[in-house]
Amino acid sequence: MSLLTDWRNYAYGLDDRTPEGKQFWLNYFGVEQGIYKKLLANPNEIVTGTVKELAEKYDTTIQLITGFLDGINDSLKTPNDIEEMDENTQVSIDMDLEKLYMNMVDCEAEWLYTLDEWKPLLSDERRSELYKLQKKSKTIVKPKKIGRNDPCPCGSGKKYKQCCGR
């Protein structure tokens with residue numbers, strides 16, 4: 001099995017209501033936050049290396065760096081092919097900052113999108129705009145219901161019940 005499959009089976013198979021599950025996720029979120037702090041401190045640096053090298057660089061396990069790469073992959077300028085990744089797979093982390101911020105908001109990862117490291121990268125106004133834009137993108141707006149006696153929206157001039165409402 002690939003590292004990604006192993007990660008997903010293990011991490012998402014844990015019950016986060018158990019002490020073991022809670023501890024695992026608290027540990028993961030702490031590692032994740034530490035990696036993001038380092039990456040956001042040098043946002044223009046493109047980090048490359050094998051999965052094993054990145055785990056060593058960020059002082060974590062291959063399992064947790066795999067989870068990190070799974071989480072950040074959609075926020076990269078060029079996503080990595082993580083489906084068949086093993087510890088010797090070469091990966092690159094070249095972040096699209098606005099996309100990353102919006103994905104963090106989408107995942108409700110407040111411990112990440114509120115990091116102080118964002119302040120020099122995106123203005124307060126821009127972060128607020130991105131936050132609102134992401135939240136609004138999930139809002140479902142139902143169209144106004146057409147009444148039976150309203151004019152048909154197809155433009156025929158007939159009542160809805162006599163036209164498209166049949």
# chains A, B, ... in the order shown; residues from 1 in each chain; ligands from 1
call {"tool": "select_by_dssp", "arguments": {"residues": "range 47-158 of chain A", "states": "strand (DSSP E or B)", "output": "list of chain:residue names"}}
result
A:Val47, A:Thr48, A:Gly49, A:Thr50, A:Leu76, A:Gln90, A:Val91, A:Ser92, A:Ile93, A:Met95, A:Pro151
call {"tool": "write_last_selection", "arguments": {"atoms": "N, CA, C and O atoms", "output": "PDB file, in the first residue's frame"}}
result
ATOM      1  N   VAL A  47      10.151  24.371  -1.215  1.00  0.00           N
ATOM      2  CA  VAL A  47      10.764  23.285  -0.455  1.00  0.00           C
ATOM      3  C   VAL A  47      10.651  22.003  -1.273  1.00  0.00           C
ATOM      4  O   VAL A  47       9.554  21.645  -1.705  1.00  0.00           O
ATOM      5  N   THR A  48      11.784  21.338  -1.483  1.00  0.00           N
ATOM      6  CA  THR A  48      11.780  20.084  -2.227  1.00  0.00           C
ATOM      7  C   THR A  48      12.571  19.035  -1.463  1.00  0.00           C
ATOM      8  O   THR A  48      13.411  19.356  -0.623  1.00  0.00           O
ATOM      9  N   GLY A  49      12.294  17.796  -1.787  1.00  0.00           N
ATOM     10  CA  GLY A  49      13.005  16.685  -1.181  1.00  0.00           C
ATOM     11  C   GLY A  49      12.132  15.446  -1.216  1.00  0.00           C
ATOM     12  O   GLY A  49      10.983  15.490  -1.650  1.00  0.00           O
ATOM     13  N   THR A  50      12.695  14.340  -0.745  1.00  0.00           N
ATOM     14  CA  THR A  50      11.895  13.125  -0.659  1.00  0.00           C
ATOM     15  C   THR A  50      11.009  13.233   0.573  1.00  0.00           C
ATOM     16  O   THR A  50      11.241  14.076   1.449  1.00  0.00           O
ATOM     17  N   LEU A  76      -1.157  23.886  -3.421  1.00  0.00           N
ATOM     18  CA  LEU A  76       0.129  24.081  -4.081  1.00  0.00           C
ATOM     19  C   LEU A  76      -0.076  24.577  -5.504  1.00  0.00           C
ATOM     20  O   LEU A  76      -1.079  24.258  -6.141  1.00  0.00           O
ATOM     21  N   GLN A  90       9.994  12.056  -4.598  1.00  0.00           N
ATOM     22  CA  GLN A  90      10.404  13.458  -4.593  1.00  0.00           C
ATOM     23  C   GLN A  90       9.148  14.328  -4.608  1.00  0.00           C
ATOM     24  O   GLN A  90       8.258  14.136  -5.438  1.00  0.00           O
ATOM     25  N   VAL A  91       9.050  15.265  -3.667  1.00  0.00           N
ATOM     26  CA  VAL A  91       7.899  16.168  -3.602  1.00  0.00           C
ATOM     27  C   VAL A  91       8.385  17.610  -3.537  1.00  0.00           C
ATOM     28  O   VAL A  91       9.534  17.888  -3.193  1.00  0.00           O
ATOM     29  N   SER A  92       7.483  18.511  -3.879  1.00  0.00           N
ATOM     30  CA  SER A  92       7.788  19.933  -3.880  1.00  0.00           C
ATOM     31  C   SER A  92       6.650  20.680  -3.198  1.00  0.00           C
ATOM     32  O   SER A  92       5.479  20.380  -3.434  1.00  0.00           O
ATOM     33  N   ILE A  93       7.011  21.651  -2.363  1.00  0.00           N
ATOM     34  CA  ILE A  93       6.002  22.470  -1.684  1.00  0.00           C
ATOM     35  C   ILE A  93       6.190  23.907  -2.161  1.00  0.00           C
ATOM     36  O   ILE A  93       7.083  24.617  -1.712  1.00  0.00           O
ATOM     37  N   MET A  95       3.732  26.904  -2.384  1.00  0.00           N
ATOM     38  CA  MET A  95       2.391  27.288  -1.946  1.00  0.00           C
ATOM     39  C   MET A  95       1.787  28.454  -2.728  1.00  0.00           C
ATOM     40  O   MET A  95       2.477  29.408  -3.052  1.00  0.00           O
ATOM     41  N   PRO A 151     -46.288  34.705 -13.791  1.00  0.00           N
ATOM     42  CA  PRO A 151     -45.916  34.536 -15.198  1.00  0.00           C
ATOM     43  C   PRO A 151     -44.807  33.486 -15.319  1.00  0.00           C
ATOM     44  O   PRO A 151     -43.935  33.386 -14.471  1.00  0.00           O
TER      45      PRO A 151
END
call {"tool": "residues_around", "arguments": {"residues": "Gly67 in chain A", "least_positions_apart": "2", "cutoff": "9 Å", "atoms": "only C-alpha atoms", "output": "PyMOL selection string"}}
result
chain A and resi 4+7-8+11+28+32+62-65+69-72
call {"tool": "write_last_selection", "arguments": {"atoms": "all heavy atoms", "output": "short mmCIF file (atom, residue, chain, number, x, y, z; two decimals), in the first residue's frame"}}
result
data_model
loop_
_atom_site.label_atom_id
_atom_site.label_comp_id
_atom_site.auth_asym_id
_atom_site.auth_seq_id
_atom_site.Cartn_x
_atom_site.Cartn_y
_atom_site.Cartn_z
N LEU A 4 0.06 7.21 1.45
CA LEU A 4 -1.20 7.96 1.56
C LEU A 4 -2.34 7.05 2.01
O LEU A 4 -3.12 7.41 2.89
CB LEU A 4 -1.54 8.64 0.24
CG LEU A 4 -2.76 9.54 0.25
CD1 LEU A 4 -2.56 10.71 1.21
CD2 LEU A 4 -3.08 10.04 -1.13
N TRP A 7 -1.83 6.25 5.63
CA TRP A 7 -2.17 7.41 6.45
C TRP A 7 -3.68 7.53 6.62
O TRP A 7 -4.20 7.67 7.72
CB TRP A 7 -1.59 8.69 5.85
CG TRP A 7 -2.30 9.93 6.30
CD1 TRP A 7 -3.22 10.66 5.61
CD2 TRP A 7 -2.19 10.57 7.58
NE1 TRP A 7 -3.68 11.71 6.36
CE2 TRP A 7 -3.06 11.68 7.58
CE3 TRP A 7 -1.44 10.33 8.72
CZ2 TRP A 7 -3.19 12.54 8.66
CZ3 TRP A 7 -1.58 11.19 9.81
CH2 TRP A 7 -2.44 12.27 9.77
N ARG A 8 -4.37 7.51 5.50
CA ARG A 8 -5.82 7.69 5.55
C ARG A 8 -6.51 6.57 6.32
O ARG A 8 -7.43 6.82 7.10
CB ARG A 8 -6.39 7.82 4.14
CG ARG A 8 -6.02 9.15 3.50
CD ARG A 8 -6.55 9.28 2.09
NE ARG A 8 -6.24 10.59 1.54
CZ ARG A 8 -6.42 10.92 0.27
NH1 ARG A 8 -6.90 10.03 -0.59
NH2 ARG A 8 -6.12 12.12 -0.15
N ALA A 11 -5.36 7.22 10.19
CA ALA A 11 -5.83 8.48 10.80
C ALA A 11 -7.35 8.58 10.82
O ALA A 11 -7.94 8.95 11.83
CB ALA A 11 -5.23 9.67 10.06
N TYR A 28 -0.86 15.52 15.88
CA TYR A 28 -0.80 15.86 14.46
C TYR A 28 -0.99 17.36 14.24
O TYR A 28 -0.25 18.00 13.50
CB TYR A 28 -1.83 15.08 13.64
CG TYR A 28 -1.86 15.57 12.22
CD1 TYR A 28 -0.84 15.23 11.33
CD2 TYR A 28 -2.85 16.44 11.77
CE1 TYR A 28 -0.81 15.74 10.05
CE2 TYR A 28 -2.84 16.94 10.49
CZ TYR A 28 -1.82 16.59 9.63
OH TYR A 28 -1.79 17.11 8.36
N GLU A 32 1.57 19.86 12.48
CA GLU A 32 1.11 20.61 11.31
C GLU A 32 1.32 22.11 11.50
O GLU A 32 1.83 22.80 10.62
CB GLU A 32 -0.37 20.30 11.09
CG GLU A 32 -1.00 21.01 9.91
CD GLU A 32 -2.49 20.74 9.81
OE1 GLU A 32 -3.18 20.72 10.85
OE2 GLU A 32 -2.97 20.57 8.68
N ILE A 62 7.39 9.90 9.10
CA ILE A 62 6.95 9.78 7.71
C ILE A 62 5.42 9.77 7.66
O ILE A 62 4.81 10.37 6.78
CB ILE A 62 7.55 8.52 7.06
CG1 ILE A 62 9.06 8.77 6.85
CG2 ILE A 62 6.87 8.19 5.75
CD1 ILE A 62 9.83 7.62 6.29
N GLN A 63 4.79 9.13 8.64
CA GLN A 63 3.33 9.08 8.68
C GLN A 63 2.74 10.48 8.79
O GLN A 63 1.82 10.84 8.05
CB GLN A 63 2.86 8.23 9.86
CG GLN A 63 1.35 8.10 9.92
CD GLN A 63 0.87 7.39 11.18
OE1 GLN A 63 1.38 7.64 12.27
NE2 GLN A 63 -0.10 6.50 11.02
N LEU A 64 3.26 11.31 9.70
CA LEU A 64 2.69 12.64 9.89
C LEU A 64 3.02 13.57 8.73
O LEU A 64 2.18 14.41 8.35
CB LEU A 64 3.16 13.24 11.22
CG LEU A 64 2.66 12.52 12.47
CD1 LEU A 64 3.11 13.24 13.73
CD2 LEU A 64 1.15 12.35 12.47
N ILE A 65 4.20 13.46 8.12
CA ILE A 65 4.51 14.30 6.96
C ILE A 65 3.63 13.90 5.78
O ILE A 65 3.23 14.74 4.98
CB ILE A 65 6.01 14.30 6.60
CG1 ILE A 65 6.38 15.55 5.76
CG2 ILE A 65 6.42 13.06 5.85
CD1 ILE A 65 6.37 16.84 6.48
N LEU A 69 1.33 16.45 3.76
CA LEU A 69 1.36 16.58 2.30
C LEU A 69 -0.03 16.36 1.70
O LEU A 69 -0.41 17.01 0.73
CB LEU A 69 2.37 15.61 1.70
CG LEU A 69 3.83 15.93 2.00
CD1 LEU A 69 4.73 14.77 1.60
CD2 LEU A 69 4.27 17.22 1.32
N ASP A 70 -0.80 15.46 2.31
CA ASP A 70 -2.18 15.23 1.87
C ASP A 70 -3.00 16.49 2.08
O ASP A 70 -3.78 16.89 1.22
CB ASP A 70 -2.77 14.05 2.65
CG ASP A 70 -4.17 13.67 2.20
OD1 ASP A 70 -4.55 13.97 1.06
OD2 ASP A 70 -4.88 13.04 3.00
N GLY A 71 -2.80 17.15 3.22
CA GLY A 71 -3.57 18.34 3.53
C GLY A 71 -3.22 19.56 2.71
O GLY A 71 -4.08 20.35 2.34
N ILE A 72 -1.94 19.72 2.38
CA ILE A 72 -1.51 20.93 1.67
C ILE A 72 -1.58 20.78 0.15
O ILE A 72 -1.53 21.77 -0.58
CB ILE A 72 -0.09 21.35 2.10
CG1 ILE A 72 0.20 22.80 1.69
CG2 ILE A 72 0.96 20.40 1.54
CD1 ILE A 72 1.51 23.36 2.21
#
call {"tool": "select_by_dssp", "arguments": {"residues": "range 56-104 of chain A", "states": "alpha helix (DSSP H)", "output": "NGL selection string"}}
result
:A and (56-57 or 62-72 or 97-104)
call {"tool": "residues_around", "arguments": {"residues": "Arg127 in chain A", "least_positions_apart": "2", "cutoff": "12 Å", "atoms": "only C-alpha atoms", "output": "ChimeraX atom specification"}}
result
/A:97-102,104-105,113-115,118-125,129-134
call {"tool": "write_last_selection", "arguments": {"atoms": "C-alpha atoms", "output": "PDB file, in the first residue's frame"}}
result
ATOM      1  CA  LEU A  97      -0.813  31.609  -0.328  1.00  0.00           C
ATOM      2  CA  GLU A  98      -4.348  32.815  -1.033  1.00  0.00           C
ATOM      3  CA  LYS A  99      -5.534  29.348  -1.974  1.00  0.00           C
ATOM      4  CA  LEU A 100      -3.854  27.927   1.136  1.00  0.00           C
ATOM      5  CA  TYR A 101      -5.541  30.503   3.361  1.00  0.00           C
ATOM      6  CA  MET A 102      -8.951  29.798   1.831  1.00  0.00           C
ATOM      7  CA  MET A 104      -7.594  26.493   5.854  1.00  0.00           C
ATOM      8  CA  VAL A 105     -10.783  28.512   6.329  1.00  0.00           C
ATOM      9  CA  TYR A 113      -5.458  30.553   9.479  1.00  0.00           C
ATOM     10  CA  THR A 114      -5.019  32.693  12.615  1.00  0.00           C
ATOM     11  CA  LEU A 115      -1.246  32.179  12.828  1.00  0.00           C
ATOM     12  CA  TRP A 118       0.071  35.370   7.987  1.00  0.00           C
ATOM     13  CA  LYS A 119       0.257  39.067   8.997  1.00  0.00           C
ATOM     14  CA  PRO A 120       3.228  40.073   6.819  1.00  0.00           C
ATOM     15  CA  LEU A 121       2.024  37.905   3.925  1.00  0.00           C
ATOM     16  CA  LEU A 122      -1.597  38.983   3.535  1.00  0.00           C
ATOM     17  CA  SER A 123      -3.049  42.218   4.872  1.00  0.00           C
ATOM     18  CA  ASP A 124      -5.850  42.089   7.427  1.00  0.00           C
ATOM     19  CA  GLU A 125      -8.229  43.366   4.745  1.00  0.00           C
ATOM     20  CA  GLU A 129     -11.932  39.244   2.020  1.00  0.00           C
ATOM     21  CA  LEU A 130     -10.643  35.699   1.479  1.00  0.00           C
ATOM     22  CA  TYR A 131     -12.395  34.495   4.641  1.00  0.00           C
ATOM     23  CA  LYS A 132     -15.729  35.962   3.514  1.00  0.00           C
ATOM     24  CA  LEU A 133     -15.258  34.703  -0.043  1.00  0.00           C
ATOM     25  CA  GLN A 134     -14.614  31.151   1.167  1.00  0.00           C
TER      26      GLN A 134
END
call {"tool": "residues_around", "arguments": {"residues": "Glu45 in chain A", "least_positions_apart": "3", "cutoff": "8 Å", "atoms": "only C-alpha atoms", "output": "PyMOL selection string"}}
result
chain A and resi 39+42+94
call {"tool": "residues_around", "arguments": {"residues": "Thr61 in chain A", "least_positions_apart": "3", "cutoff": "12 Å", "atoms": "only C-alpha atoms", "output": "list in words"}}
result
Leu3, Trp7, Asn27, Tyr28, Val31, Glu32, Val51, Lys52, Glu53, Leu54, Ala55, Glu56, Lys57, Tyr58, Leu64, Ile65, Thr66, Gly67, Phe68 and Glu87 of chain A
call {"tool": "closest_residue", "arguments": {"among": "A:Tyr160, A:Glu117, A:Arg166, A:Ser2", "to": "Lys38 in chain A", "atoms": "only C-alpha atoms"}}
result
A:Glu117
call {"tool": "closest_residue", "arguments": {"among": "A:Asn88, A:Asn103, A:Asn149, A:Thr139", "to": "Asp74 in chain A", "atoms": "only C-alpha atoms"}}
result
A:Asn103
